[in-house]
$ cat data-v7.cif   # mmCIF, C-alpha atoms (C1' of nucleotides)
data_coords
#
loop_
_atom_site.label_atom_id
_atom_site.label_comp_id
_atom_site.auth_asym_id
_atom_site.auth_seq_id
_atom_site.Cartn_x
_atom_site.Cartn_y
_atom_site.Cartn_z
CA MET A 27 0.00 0.00 0.00
CA ASN A 28 2.59 2.52 -0.98
CA ASP A 29 1.05 5.33 -2.98
CA GLY A 30 -2.41 4.51 -4.13
CA ASP A 31 -1.42 3.17 -7.51
CA LYS A 32 -4.01 0.72 -8.76
CA GLY A 33 -2.04 -0.89 -11.52
CA ALA A 34 -3.46 0.62 -14.69
CA GLY A 35 -1.58 3.91 -14.61
CA PRO A 36 1.92 4.90 -13.63
CA SER A 37 2.62 5.66 -10.02
CA ALA A 38 2.16 9.25 -8.99
CA ARG A 39 4.94 9.35 -6.40
CA SER A 40 8.61 8.46 -6.20
CA LYS A 41 9.38 9.73 -9.69
CA ARG A 42 11.22 12.75 -10.87
CA ALA A 43 9.45 16.06 -10.42
CA ASP A 44 9.20 16.82 -14.12
CA ALA A 45 7.81 13.37 -14.79
CA ARG A 46 5.07 13.85 -12.23
CA ARG A 47 4.27 17.25 -13.68
CA ASN A 48 4.12 15.94 -17.21
CA GLN A 49 1.83 13.13 -16.20
CA LYS A 50 -0.69 15.59 -14.89
CA THR A 51 -0.28 17.86 -17.90
CA LEU A 52 -0.81 14.87 -20.16
CA LEU A 53 -3.98 13.81 -18.41
CA ASP A 54 -5.41 17.30 -18.70
CA ALA A 55 -4.42 17.60 -22.34
CA ALA A 56 -5.86 14.19 -23.17
CA ALA A 57 -9.12 14.96 -21.41
CA SER A 58 -9.39 18.20 -23.31
CA VAL A 59 -8.59 16.66 -26.68
CA PHE A 60 -10.95 13.75 -26.03
CA VAL A 61 -13.75 16.23 -25.54
CA THR A 62 -13.15 18.09 -28.76
CA SER A 63 -11.84 15.35 -31.06
CA GLY A 64 -12.98 12.13 -29.43
CA VAL A 65 -10.99 9.39 -27.78
CA GLU A 66 -9.49 8.33 -31.09
CA ALA A 67 -7.70 11.61 -31.58
CA PRO A 68 -4.16 11.23 -32.95
CA VAL A 69 -1.50 10.77 -30.31
CA ARG A 70 0.43 13.65 -31.82
CA ASP A 71 -2.49 15.99 -31.16
CA ILE A 72 -2.47 15.12 -27.50
CA ALA A 73 1.28 15.52 -27.34
CA ALA A 74 1.04 18.91 -29.03
CA LYS A 75 -1.73 20.07 -26.71
CA ALA A 76 0.39 19.06 -23.74
CA GLY A 77 3.49 20.66 -25.25
CA VAL A 78 5.34 17.39 -25.05
CA GLY A 79 6.93 14.88 -27.42
CA VAL A 80 5.10 11.71 -28.37
CA GLY A 81 7.73 9.63 -26.62
CA THR A 82 6.66 11.15 -23.34
CA ILE A 83 3.12 9.94 -23.80
CA TYR A 84 4.23 6.38 -24.39
CA ARG A 85 6.56 6.46 -21.44
CA HIS A 86 3.73 7.42 -19.12
CA PHE A 87 1.00 5.41 -20.79
CA PRO A 88 2.36 2.37 -22.58
CA THR A 89 -0.84 1.79 -24.48
CA ARG A 90 -3.56 4.11 -25.61
CA ALA A 91 -5.96 2.21 -23.40
CA ASP A 92 -3.94 3.13 -20.31
CA LEU A 93 -4.34 6.80 -21.13
CA ILE A 94 -8.07 6.51 -21.66
CA ILE A 95 -8.45 4.55 -18.46
CA ALA A 96 -6.46 7.12 -16.53
CA VAL A 97 -8.61 9.93 -17.87
CA TYR A 98 -11.92 8.28 -17.07
CA ARG A 99 -11.07 6.19 -14.04
CA HIS A 100 -12.85 8.49 -11.62
CA GLN A 101 -16.08 8.45 -13.59
CA VAL A 102 -16.02 4.71 -14.02
CA ASP A 103 -15.45 4.29 -10.32
CA ALA A 104 -18.32 6.65 -9.56
CA CYS A 105 -20.57 4.60 -11.81
CA ALA A 106 -19.52 1.41 -10.08
CA GLU A 107 -20.18 2.86 -6.66
CA ALA A 108 -23.58 4.14 -7.65
CA GLY A 109 -24.85 0.60 -8.17
CA PRO A 110 -25.32 -0.54 -4.58
CA ALA A 111 -26.58 2.91 -3.63
CA LEU A 112 -29.31 2.79 -6.24
CA LEU A 113 -30.27 -0.70 -5.20
CA ALA A 114 -30.74 0.53 -1.65
CA SER A 115 -32.66 3.66 -2.52
CA SER A 116 -34.92 2.51 -5.34
CA GLU A 117 -38.45 1.22 -5.16
CA THR A 118 -37.69 -2.00 -6.98
CA PRO A 119 -34.54 -3.72 -8.20
CA HIS A 120 -35.74 -3.28 -11.75
CA ALA A 121 -35.97 0.47 -11.23
CA ALA A 122 -32.47 0.46 -9.77
CA LEU A 123 -31.20 -1.47 -12.75
CA GLY A 124 -32.81 0.99 -15.13
CA GLN A 125 -31.32 3.97 -13.35
CA TRP A 126 -27.92 2.44 -13.18
CA ILE A 127 -27.99 1.61 -16.88
CA ASN A 128 -28.95 5.22 -17.49
CA LEU A 129 -25.84 6.35 -15.66
CA PHE A 130 -23.76 4.00 -17.74
CA VAL A 131 -25.35 5.18 -20.97
CA ASP A 132 -24.94 8.84 -20.07
CA PHE A 133 -21.31 8.24 -19.37
CA LEU A 134 -20.71 6.48 -22.68
CA VAL A 135 -22.76 8.81 -24.82
CA THR A 136 -21.06 11.93 -23.57
CA LYS A 137 -17.57 10.64 -24.38
CA HIS A 138 -16.99 10.94 -28.10
CA GLY A 139 -16.25 7.56 -29.54
CA LEU A 140 -15.60 5.85 -26.24
CA ALA A 141 -18.28 3.25 -26.83
CA ALA A 142 -16.83 2.51 -30.25
CA VAL A 143 -13.34 2.12 -28.93
CA LEU A 144 -14.62 -0.12 -26.19
CA ARG A 145 -15.82 -2.45 -28.90
CA SER A 146 -12.89 -2.03 -31.21
CA ASP A 147 -11.22 -5.29 -32.07
CA ASN A 148 -7.92 -3.53 -32.65
CA ALA A 149 -5.28 -5.04 -30.44
CA GLY A 150 -4.30 -2.81 -27.54
CA PHE A 151 -7.79 -2.00 -26.37
CA ASP A 152 -8.23 -5.26 -24.51
CA THR A 153 -6.93 -3.49 -21.42
CA LEU A 154 -9.66 -0.89 -21.70
CA HIS A 155 -12.29 -3.52 -22.25
CA ALA A 156 -10.97 -5.48 -19.30
CA TYR A 157 -10.94 -2.47 -17.03
CA PHE A 158 -14.54 -1.57 -17.70
CA LEU A 159 -15.55 -5.15 -17.18
CA ASP A 160 -13.58 -5.64 -13.98
CA ARG A 161 -15.03 -2.51 -12.52
CA LEU A 162 -18.61 -2.62 -13.71
CA GLU A 163 -19.55 -6.22 -14.39
CA PRO A 164 -19.85 -7.21 -10.72
CA VAL A 165 -22.07 -4.21 -10.07
CA CYS A 166 -24.25 -5.02 -13.04
CA THR A 167 -24.46 -8.63 -11.98
CA GLU A 168 -25.65 -7.59 -8.55
CA LEU A 169 -28.43 -5.44 -9.99
CA LEU A 170 -29.40 -8.06 -12.49
CA ASP A 171 -29.55 -10.78 -9.88
CA ALA A 172 -31.63 -8.63 -7.57
CA ALA A 173 -34.14 -7.91 -10.32
CA ALA A 174 -34.21 -11.53 -11.39
CA ASP A 175 -34.68 -12.75 -7.80
CA ALA A 176 -37.56 -10.34 -7.43
CA GLY A 177 -39.08 -11.99 -10.48
CA GLU A 178 -39.18 -8.74 -12.41
CA ILE A 179 -36.98 -9.78 -15.29
CA ARG A 180 -35.84 -12.94 -16.98
CA SER A 181 -33.00 -14.67 -15.19
CA ASP A 182 -31.03 -16.03 -18.12
CA LEU A 183 -29.13 -12.89 -19.04
CA LYS A 184 -25.55 -12.34 -17.95
CA ALA A 185 -24.24 -8.94 -16.98
CA TYR A 186 -21.54 -9.23 -19.59
CA GLU A 187 -24.01 -9.64 -22.38
CA LEU A 188 -26.20 -6.81 -21.18
CA MET A 189 -23.28 -4.43 -20.82
CA ARG A 190 -21.98 -5.26 -24.25
CA GLY A 191 -25.40 -4.74 -25.73
CA VAL A 192 -25.89 -1.42 -24.00
CA GLY A 193 -22.38 -0.33 -24.90
CA ASN A 194 -23.02 -1.23 -28.51
CA LEU A 195 -26.25 0.71 -28.59
CA CYS A 196 -24.32 3.79 -27.49
CA ILE A 197 -21.91 3.70 -30.41
CA GLY A 198 -22.15 6.80 -32.52
CA ALA A 199 -24.97 8.15 -30.39
CA ASP A 200 -23.46 11.59 -30.45
CA HIS A 201 -23.44 13.53 -33.73
CA ASP A 202 -26.67 11.97 -34.99
CA PRO A 203 -29.89 13.64 -33.89
CA ARG A 204 -31.94 10.89 -35.51
CA TYR A 205 -30.55 8.28 -33.18
CA ASP A 206 -31.42 8.31 -29.50
CA ALA A 207 -29.41 5.61 -27.78
CA ARG A 208 -31.03 6.25 -24.41
CA ARG A 209 -34.44 5.48 -25.79
CA LEU A 210 -33.34 2.27 -27.45
CA VAL A 211 -31.58 1.14 -24.33
CA GLY A 212 -34.83 1.77 -22.53
CA PHE A 213 -36.61 -0.53 -24.96
CA LEU A 214 -33.98 -3.17 -24.42
CA ILE A 215 -34.38 -3.00 -20.66
CA ALA A 216 -38.13 -3.11 -21.09
CA GLY A 217 -37.72 -6.22 -23.20
CA LEU A 218 -36.06 -7.94 -20.27
CA ARG A 219 -39.27 -7.95 -18.30
CA ARG A 220 -40.47 -11.36 -17.40
CA PRO A 221 -43.20 -12.43 -19.80
CA ARG A 222 -46.42 -11.59 -17.90
CA MET B 20 -32.18 -0.77 -68.81
CA ASN B 21 -28.80 -1.17 -70.44
CA ASP B 22 -26.73 -3.63 -68.47
CA GLY B 23 -28.08 -3.94 -64.98
CA ASP B 24 -25.78 -1.37 -63.44
CA LYS B 25 -27.45 0.28 -60.47
CA GLY B 26 -25.03 3.13 -59.91
CA ALA B 27 -22.89 1.91 -57.05
CA GLY B 28 -20.60 -0.35 -59.05
CA PRO B 29 -18.97 -0.10 -62.43
CA SER B 30 -20.83 -1.32 -65.45
CA ALA B 31 -20.26 -4.89 -66.43
CA ARG B 32 -20.53 -4.38 -70.17
CA SER B 33 -18.99 -2.13 -72.79
CA LYS B 34 -15.55 -2.22 -71.26
CA ARG B 35 -12.40 -3.90 -72.31
CA ALA B 36 -12.26 -7.64 -71.86
CA ASP B 37 -9.43 -7.55 -69.33
CA ALA B 38 -11.27 -4.93 -67.30
CA ARG B 39 -14.39 -7.04 -67.17
CA ARG B 40 -12.34 -10.07 -66.19
CA ASN B 41 -10.51 -8.19 -63.46
CA GLN B 42 -13.71 -6.85 -62.03
CA LYS B 43 -15.03 -10.34 -61.54
CA THR B 44 -11.70 -11.54 -60.17
CA LEU B 45 -11.68 -8.65 -57.73
CA LEU B 46 -15.17 -9.34 -56.48
CA ASP B 47 -14.28 -12.97 -55.87
CA ALA B 48 -11.01 -12.09 -54.18
CA ALA B 49 -12.69 -9.48 -52.01
CA ALA B 50 -15.46 -11.84 -51.00
CA SER B 51 -12.90 -14.45 -50.09
CA VAL B 52 -10.70 -12.07 -48.10
CA PHE B 53 -13.74 -10.57 -46.36
CA VAL B 54 -14.65 -14.03 -45.10
CA THR B 55 -11.23 -14.79 -43.71
CA SER B 56 -10.01 -11.36 -42.60
CA GLY B 57 -13.16 -9.28 -42.32
CA VAL B 58 -14.35 -6.36 -44.38
CA GLU B 59 -11.60 -4.15 -43.02
CA ALA B 60 -8.87 -6.24 -44.55
CA PRO B 61 -6.06 -4.17 -46.10
CA VAL B 62 -6.63 -3.22 -49.71
CA ARG B 63 -3.24 -4.67 -50.55
CA ASP B 64 -4.37 -8.07 -49.33
CA ILE B 65 -7.31 -8.03 -51.66
CA ALA B 66 -5.13 -6.89 -54.53
CA ALA B 67 -2.64 -9.65 -53.81
CA LYS B 68 -5.36 -12.27 -53.58
CA ALA B 69 -6.69 -11.13 -56.95
CA GLY B 70 -3.22 -10.92 -58.44
CA VAL B 71 -3.61 -7.29 -59.44
CA GLY B 72 -2.12 -3.97 -58.41
CA VAL B 73 -3.88 -1.72 -55.90
CA GLY B 74 -4.52 0.84 -58.60
CA THR B 75 -6.80 -1.62 -60.33
CA ILE B 76 -8.98 -1.90 -57.27
CA TYR B 77 -9.45 1.83 -57.05
CA ARG B 78 -10.16 2.12 -60.73
CA HIS B 79 -12.99 -0.37 -60.44
CA PHE B 80 -14.21 0.65 -57.01
CA PRO B 81 -13.45 4.30 -56.27
CA THR B 82 -14.12 3.89 -52.58
CA ARG B 83 -13.87 0.95 -50.28
CA ALA B 84 -17.59 1.22 -49.70
CA ASP B 85 -18.26 0.60 -53.38
CA LEU B 86 -16.37 -2.67 -53.19
CA ILE B 87 -18.23 -3.81 -50.10
CA ILE B 88 -21.54 -2.87 -51.66
CA ALA B 89 -20.72 -4.74 -54.83
CA VAL B 90 -19.81 -7.85 -52.88
CA TYR B 91 -22.95 -7.89 -50.77
CA ARG B 92 -25.48 -6.27 -53.07
CA HIS B 93 -27.26 -9.51 -53.84
CA GLN B 94 -27.73 -10.37 -50.21
CA VAL B 95 -28.93 -6.91 -49.30
CA ASP B 96 -31.41 -7.02 -52.14
CA ALA B 97 -32.62 -10.42 -51.04
CA CYS B 98 -33.16 -9.07 -47.57
CA ALA B 99 -35.07 -6.12 -48.92
CA GLU B 100 -37.27 -8.32 -51.03
CA ALA B 101 -38.02 -10.65 -48.16
CA GLY B 102 -39.83 -7.91 -46.29
CA PRO B 103 -43.10 -7.75 -48.19
CA ALA B 104 -43.08 -11.52 -48.56
CA LEU B 105 -42.85 -12.01 -44.81
CA LEU B 106 -45.57 -9.49 -44.21
CA ALA B 107 -47.85 -11.45 -46.51
CA SER B 108 -47.06 -14.87 -45.13
CA SER B 109 -46.83 -14.23 -41.39
CA GLU B 110 -49.54 -14.52 -38.77
CA THR B 111 -49.11 -10.99 -37.51
CA PRO B 112 -47.14 -7.93 -38.62
CA HIS B 113 -45.11 -8.15 -35.43
CA ALA B 114 -44.09 -11.69 -36.29
CA ALA B 115 -43.11 -10.55 -39.76
CA LEU B 116 -41.06 -7.73 -38.30
CA GLY B 117 -39.31 -10.14 -35.96
CA GLN B 118 -38.48 -12.54 -38.77
CA TRP B 119 -37.28 -9.82 -41.03
CA ILE B 120 -35.03 -8.42 -38.33
CA ASN B 121 -33.67 -11.91 -37.86
CA LEU B 122 -32.71 -12.01 -41.52
CA PHE B 123 -31.00 -8.67 -41.17
CA VAL B 124 -29.15 -9.75 -38.06
CA ASP B 125 -28.06 -13.04 -39.60
CA PHE B 126 -26.70 -11.17 -42.55
CA LEU B 127 -24.73 -8.72 -40.42
CA VAL B 128 -23.44 -11.22 -37.93
CA THR B 129 -22.05 -13.55 -40.55
CA LYS B 130 -20.00 -10.83 -42.23
CA HIS B 131 -16.89 -10.13 -40.18
CA GLY B 132 -16.87 -6.53 -39.11
CA LEU B 133 -19.55 -5.36 -41.51
CA ALA B 134 -21.75 -4.04 -38.74
CA ALA B 135 -18.80 -2.14 -37.32
CA VAL B 136 -17.89 -0.60 -40.64
CA LEU B 137 -21.49 0.34 -41.18
CA ARG B 138 -21.23 2.43 -38.08
CA SER B 139 -17.75 3.70 -38.66
CA ASP B 140 -17.52 7.46 -38.70
CA ASN B 141 -14.52 7.33 -40.98
CA ALA B 142 -15.17 9.34 -44.08
CA GLY B 143 -15.76 7.20 -47.14
CA PHE B 144 -18.23 4.82 -45.60
CA ASP B 145 -21.15 7.18 -45.95
CA THR B 146 -21.87 5.54 -49.29
CA LEU B 147 -22.17 2.16 -47.62
CA HIS B 148 -24.36 3.54 -44.90
CA ALA B 149 -26.51 5.27 -47.49
CA TYR B 150 -26.86 2.15 -49.60
CA PHE B 151 -28.06 0.03 -46.72
CA LEU B 152 -30.48 2.73 -45.73
CA ASP B 153 -31.81 3.35 -49.22
CA ARG B 154 -32.39 -0.30 -49.74
CA LEU B 155 -33.64 -1.44 -46.36
CA GLU B 156 -35.18 1.53 -44.58
CA PRO B 157 -38.35 1.60 -46.70
CA VAL B 158 -38.85 -2.10 -46.09
CA CYS B 159 -38.34 -1.70 -42.39
CA THR B 160 -40.69 1.24 -42.31
CA GLU B 161 -43.36 -0.82 -43.99
CA LEU B 162 -43.07 -3.60 -41.43
CA LEU B 163 -42.93 -1.17 -38.55
CA ASP B 164 -45.99 0.71 -39.74
CA ALA B 165 -47.93 -2.49 -40.22
CA ALA B 166 -47.14 -3.65 -36.71
CA ALA B 167 -47.89 -0.22 -35.27
CA ASP B 168 -51.18 0.00 -37.16
CA ALA B 169 -52.13 -3.39 -35.80
CA GLY B 170 -51.53 -1.98 -32.34
CA GLU B 171 -48.86 -4.55 -31.55
CA ILE B 172 -45.99 -2.19 -30.96
CA ARG B 173 -45.42 1.42 -30.06
CA SER B 174 -45.79 3.79 -32.96
CA ASP B 175 -43.14 6.36 -32.12
CA LEU B 176 -40.12 4.50 -33.42
CA LYS B 177 -38.59 5.26 -36.78
CA ALA B 178 -37.13 2.57 -39.01
CA TYR B 179 -33.84 4.43 -39.09
CA GLU B 180 -33.48 4.31 -35.36
CA LEU B 181 -34.41 0.65 -35.14
CA MET B 182 -32.01 -0.35 -37.88
CA ARG B 183 -29.19 1.56 -36.32
CA GLY B 184 -29.90 -0.02 -33.00
CA VAL B 185 -30.03 -3.50 -34.44
CA GLY B 186 -26.92 -2.88 -36.49
CA ASN B 187 -25.12 -1.66 -33.42
CA LEU B 188 -26.10 -4.71 -31.44
CA CYS B 189 -24.51 -6.87 -34.11
CA ILE B 190 -21.10 -5.26 -33.82
CA GLY B 191 -18.46 -7.72 -32.75
CA ALA B 192 -21.03 -10.49 -32.48
CA ASP B 193 -18.70 -12.92 -34.13
CA HIS B 194 -15.57 -14.04 -32.27
CA ASP B 195 -17.20 -13.76 -28.85
CA PRO B 196 -19.14 -16.78 -27.66
CA ARG B 197 -20.30 -14.89 -24.58
CA TYR B 198 -22.23 -12.39 -26.66
CA ASP B 199 -25.33 -13.46 -28.55
CA ALA B 200 -26.50 -10.53 -30.63
CA ARG B 201 -29.55 -12.38 -31.91
CA ARG B 202 -30.86 -12.85 -28.41
CA LEU B 203 -30.35 -9.21 -27.46
CA VAL B 204 -32.02 -8.05 -30.64
CA GLY B 205 -34.90 -10.30 -29.67
CA PHE B 206 -35.15 -8.52 -26.33
CA LEU B 207 -35.09 -5.18 -28.06
CA ILE B 208 -37.93 -6.18 -30.38
CA ALA B 209 -39.82 -7.54 -27.40
CA GLY B 210 -39.36 -4.20 -25.69
CA LEU B 211 -41.17 -2.52 -28.54
CA ARG B 212 -44.44 -4.20 -27.63
CA ARG B 213 -47.16 -1.82 -26.77
CA PRO B 214 -47.44 -1.49 -22.98
CA ARG B 215 -50.32 -3.85 -22.03
"C1'" DT C 21 0.09 -4.50 -88.70
"C1'" DG C 22 0.12 -0.37 -86.34
"C1'" DC C 23 -2.18 2.95 -83.58
"C1'" DC C 24 -4.13 4.73 -79.22
"C1'" DA C 25 -7.50 4.88 -75.73
"C1'" DA C 26 -8.18 1.98 -71.92
"C1'" DA C 27 -6.43 -0.39 -68.25
"C1'" DC C 28 -2.62 -1.94 -65.56
"C1'" DG C 29 1.03 -2.21 -61.74
"C1'" DG C 30 3.19 -0.46 -58.20
"C1'" DA C 31 6.01 3.50 -56.58
"C1'" DA C 32 5.04 7.46 -53.92
"C1'" DC C 33 2.60 10.33 -50.58
"C1'" DG C 34 0.51 11.60 -46.26
"C1'" DA C 35 -1.50 10.18 -41.82
"C1'" DC C 36 -1.05 7.37 -38.19
"C1'" DG C 37 0.77 4.34 -34.12
"C1'" DT C 38 4.86 3.02 -32.09
"C1'" DT C 39 9.88 2.55 -31.13
"C1'" DC C 40 14.43 4.21 -30.37
"C1'" DC C 41 18.23 6.87 -29.05
"C1'" DG C 42 21.01 11.09 -28.54
"C1'" DT C 43 20.27 14.98 -25.50
"C1'" DA C 44 18.66 17.61 -21.55
"C1'" DT C 45 17.33 17.74 -16.84
"C1'" DC C 46 16.80 16.32 -12.27
"C1'" DT C 47 18.75 14.28 -7.99
"C1'" DT C 48 22.14 12.54 -5.28
"C1'" DT C 49 26.53 12.49 -3.34
"C1'" DA C 50 31.20 14.08 -2.30
"C1'" DT D 27 28.39 23.61 -4.71
"C1'" DA D 28 29.94 20.75 -8.42
"C1'" DA D 29 30.17 16.64 -10.92
"C1'" DA D 30 28.27 11.98 -11.86
"C1'" DG D 31 24.65 8.94 -12.74
"C1'" DA D 32 20.04 8.05 -13.31
"C1'" DT D 33 15.87 9.42 -15.31
"C1'" DA D 34 13.02 11.54 -18.53
"C1'" DC D 35 12.58 14.15 -22.70
"C1'" DG D 36 11.85 15.26 -27.81
"C1'" DG D 37 11.20 14.09 -32.09
"C1'" DA D 38 13.27 11.55 -35.99
"C1'" DA D 39 12.52 7.16 -37.92
"C1'" DC D 40 10.08 2.91 -39.06
"C1'" DG D 41 6.18 0.04 -40.51
"C1'" DT D 42 1.32 -0.07 -41.93
"C1'" DC D 43 -2.46 1.68 -44.12
"C1'" DG D 44 -5.50 4.21 -47.58
"C1'" DT D 45 -5.16 6.68 -51.66
"C1'" DT D 46 -3.18 8.99 -55.79
"C1'" DC D 47 -0.39 9.32 -59.80
"C1'" DC D 48 2.01 8.18 -63.81
"C1'" DG D 49 5.00 5.51 -66.93
"C1'" DT D 50 4.10 1.11 -69.17
"C1'" DT D 51 1.35 -2.53 -71.21
"C1'" DT D 52 -2.49 -4.37 -73.67
"C1'" DG D 53 -6.75 -5.09 -76.13
"C1'" DG D 54 -9.71 -3.51 -79.91
"C1'" DC D 55 -10.01 -1.64 -84.28
"C1'" DA D 56 -8.88 0.28 -88.90
#

$ encode --input "data-v7.cif" --output "structure tokens"
Amino acid sequence: MNDGDKGAGPSARSKRADARRNQKTLLDAAASVFVTSGVEAPVRDIAAKAGVGVGTIYRHFPTRADLIIAVYRHQVDACAEAGPALLASSETPHAALGQWINLFVDFLVTKHGLAAVLRSDNAGFDTLHAYFLDRLEPVCTELLDAAADAGEIRSDLKAYELMRGVGNLCIGADHDPRYDARRLVGFLIAGLRRPR
Amino acid sequence: MNDGDKGAGPSARSKRADARRNQKTLLDAAASVFVTSGVEAPVRDIAAKAGVGVGTIYRHFPTRADLIIAVYRHQVDACAEAGPALLASSETPHAALGQWINLFVDFLVTKHGLAAVLRSDNAGFDTLHAYFLDRLEPVCTELLDAAADAGEIRSDLKAYELMRGVGNLCIGADHDPRYDARRLVGFLIAGLRRPR
DNA sequence: TGCCAAACGGAACGACGTTCCGTATCTTTA
DNA sequence: TAAAGATACGGAACGTCGTTCCGTTTGGCA
């Protein structure tokens, strides 16, 4: 338990001062570029925004996924932590599930291209995929089980499958006014209801 | 009614013999490579498989989308034509819709990466997107309207939105045994049922 | 047979991710 | 405080990819 490092990003302490500074600068620059150009923005753009060479990015974040994870870790964690809270505060487990899915969808939809990259089969994004799953799948499973135990929804759906489906529905949901991912996800969740 | 050309691919007639031959060779090579490496296979691979230079590909198919369209046109057309037939032969419009969507999903899922490319925001794939829409949206609208008129499903969903949703759900459905796109699409369709 | 438009092949270009290494900077130690 | 060693930096360089361009070849026709 040395410095709070969780394994997906470089340590924040016990490094040279300039390295620590650059890491922060890089995170800010990446976050900013992600907002304007999406998470698939060229590495050089991020480097330029941060006023740093591309080598520096790769030293701090060996893969692109590591950078994305570092940028969004807090929000993913918040989403994970909201699960149990919703379960405790909602009328029914199904309502909690719906609200939690809404959080998840909002998160994905507001990050340009994140959903797409999550599903990319390009090598190097497995880490990202794995991180989201590690963090969120248990939470989703808990909500799903609760709703299934209450008899509100079918019980043969795994959290993994649901999350992939929801994630997929969010792809390209920005920049297309004719496509409302939230609504479709709502239909999907509705379709989970136990027949009768 | 000259030679069957529909505008998205080069004419088959009134060209030099070698050109006509190469066009066929290219279609076969592309189809073959698409099966083994997916629709995003490098252009050079397709050229190599066909035994031609890359320039030849671009002369016959100005954009990558044109090549993909040419390869799958028959299947897309078949899917489009199946719509009215299903509507006529099924018990209810909702059943017809479900069966038609199944055809669509089967088509997408069996073509490596086609669903993903359909949703790609890379420039150059608009043509592909447009072709699918031109061909299939009217059919989907017809089915949707029939089911809505029969009071079986909600009436506030556009064919465009449904097709995008279904297409999205199919992304990455191959090479992942834990994810069954057909099942999720089924849930989505079920979720369209009119409340009651 | 000889001409020439049509078609061909593949080198070349620009964008990108990623790696590598000479250089600059920090930190430690004498 | 000054020099040495470790650490980090910048950006050139490499490989891959889509796409364009042009010198060369070839098929059709007079």

$ resolve_selection --input "data-v7.cif" --expression "the PyMOL selection byres ((chain A and resi 87) around 12)" --output "PyMOL selection string"
chain A and resi 33-37+48-50+52-53+56+69+80-86+88-97+150+153

$ residues_around --input "data-v7.cif" --residues "Val95 (chain B)" --least-positions-apart "3" --cutoff "8 Å" --atoms "only C-alpha atoms (C1' of nucleotides)" --output "compact mmCIF listing (two decimals) with C-alpha atoms, in the frame of the given file"
# COMPACT_ATOMS: atom_id res chain seq x y z
CA TYR B 91 -22.95 -7.89 -50.77
CA ARG B 92 -25.48 -6.27 -53.07
CA CYS B 98 -33.16 -9.07 -47.57
CA ALA B 99 -35.07 -6.12 -48.92
CA PHE B 151 -28.06 0.03 -46.72
CA ARG B 154 -32.39 -0.30 -49.74
CA LEU B 155 -33.64 -1.44 -46.36

$ resolve_selection --input "data-v7.cif" --expression "the PyMOL selection byres ((chain B and resi 196-210) around 10)" --output "PyMOL selection string"
(chain A and resi 183-184+186-192+210-219+221) or (chain B and resi 113+116-117+120-121+124-125+128+172-173+181+184-195+211-214)

$ atom_distance --input "data-v7.cif" --atom1 "CA of Ala67 (chain B)" --atom2 "C1' of DG49 (chain D)"
21.5 Å

$ resolve_selection --input "data-v7.cif" --expression "the PyMOL selection byres ((chain A) within 8 of (chain C))" --output "mmCIF file with C-alpha atoms, keeping the file's coordinate frame"
data_model
loop_
_atom_site.group_PDB
_atom_site.id
_atom_site.type_symbol
_atom_site.label_atom_id
_atom_site.label_comp_id
_atom_site.auth_asym_id
_atom_site.auth_seq_id
_atom_site.Cartn_x
_atom_site.Cartn_y
_atom_site.Cartn_z
ATOM 1 C CA ARG A 42 11.220 12.750 -10.870
ATOM 2 C CA ALA A 43 9.450 16.060 -10.420
ATOM 3 C CA ASP A 44 9.200 16.820 -14.120
ATOM 4 C CA PRO A 68 -4.160 11.230 -32.950
ATOM 5 C CA VAL A 69 -1.500 10.770 -30.310
#

$ atom_distance --input "data-v7.cif" --atom1 "CA of Val52 (chain B)" --atom2 "CA of Lys34 (chain B)"
25.6 Å
